[in-house]
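Structure first, commentary second.
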Amino acid sequence: MGGQMQLSAGEWASLGMKAARGAGYSWGLAEEFGASLATLAQWGINCAGPALALCAAQAVLGLPQMTEINGGVWGQAGAPLCPVTTGALICDLGTSPQGLFGSSTVTLAAVAEPLMLLPLVDGLAARAGRAVQITTPKAALVFGGLVPLAARDITEFADHARDCTLTLCAKPSPYGASVLRAPYPPKITPEAYASLDRFALATTVPATAQSRETGAGAGLSDND
């Protein structure tokens, strides 16, 4: 096994975006996917494993691209929601009646790889100038609250959140504390990088004679 690779937050974002797009996410959601990886990297959290799991699930099964809201509960038990799709929808709904800032709570039946949801929750709290609390039956986190969060707080919460119902609620926040930044982004193993890169390669289109004739690449003749 070779040595681990040091990636910048921007490189995590680019790798995640391309991998998600190659796995079948729309470009917009793929950008959110990459942004979540980058934010987690800034927090000092390596999320290559959850990212790979989501890409594999999307490529094989197709994770839900939109959530259904029935009786105040999003999704259903036994069919975990995509954390990126769900987080993006929570952000988009905003102050609408079904949104986090338009009702008392948002309840998620279950979320696949919940670690990937948390950067979107943090970003929502920062943009709204509000605290957002997310809870499981056993644990809770507050983004934008009084106490800054550490990477260990977040990873431990994500472990509790697996296969659990999650409840989000908004609260006033005069503090705006966020997550402590790590001095360096986490490293990634060559194996994990190669696995994500294989998904990313699906975004490339092999050149054909027709594509060259229509202007892609250098054309059929590359002679000056």
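Residues in the structure tokens are numbered from 1 in each chain, the chains being A, B, ... in the order shown, and ligands are numbered from 1 in the order shown.
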
task = Would you mind writing down, as a ChimeraX atom specification, each residue of segment 18-115 of chain A that DSSP on the backbone assigns to alpha helix (DSSP H)?
result = /A:18-23,27-42,48-60,83-93

request  = With a distance cut-off of 10 Å and only C-alpha atoms, select the neighbouring residues of segment 37-44 of chain A, excluding the residue or stretch itself and same-chain residues fewer than 5 positions from it, and output the selection as a PyMOL selection string.
outcome  = chain A and resi 7-17+31-32+50-51+115-116+118-120+122-123+149-152+154+179-187

request  = Choose the residue, out of A:Leu168, A:Ala110, A:Ala128, A:Leu61, that has the smallest atom-to-atom separation from Pro83 of chain A; count only C-alpha atoms.
outcome  =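 Checking each candidate against Pro83 of chain A, we get A:Ala110 as the closest.
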
key: Thr85 of chain A surroundings by only C-alpha atoms, 12 Å radius, close-in-sequence under 3 positions cut, as a count of residues only   = 37
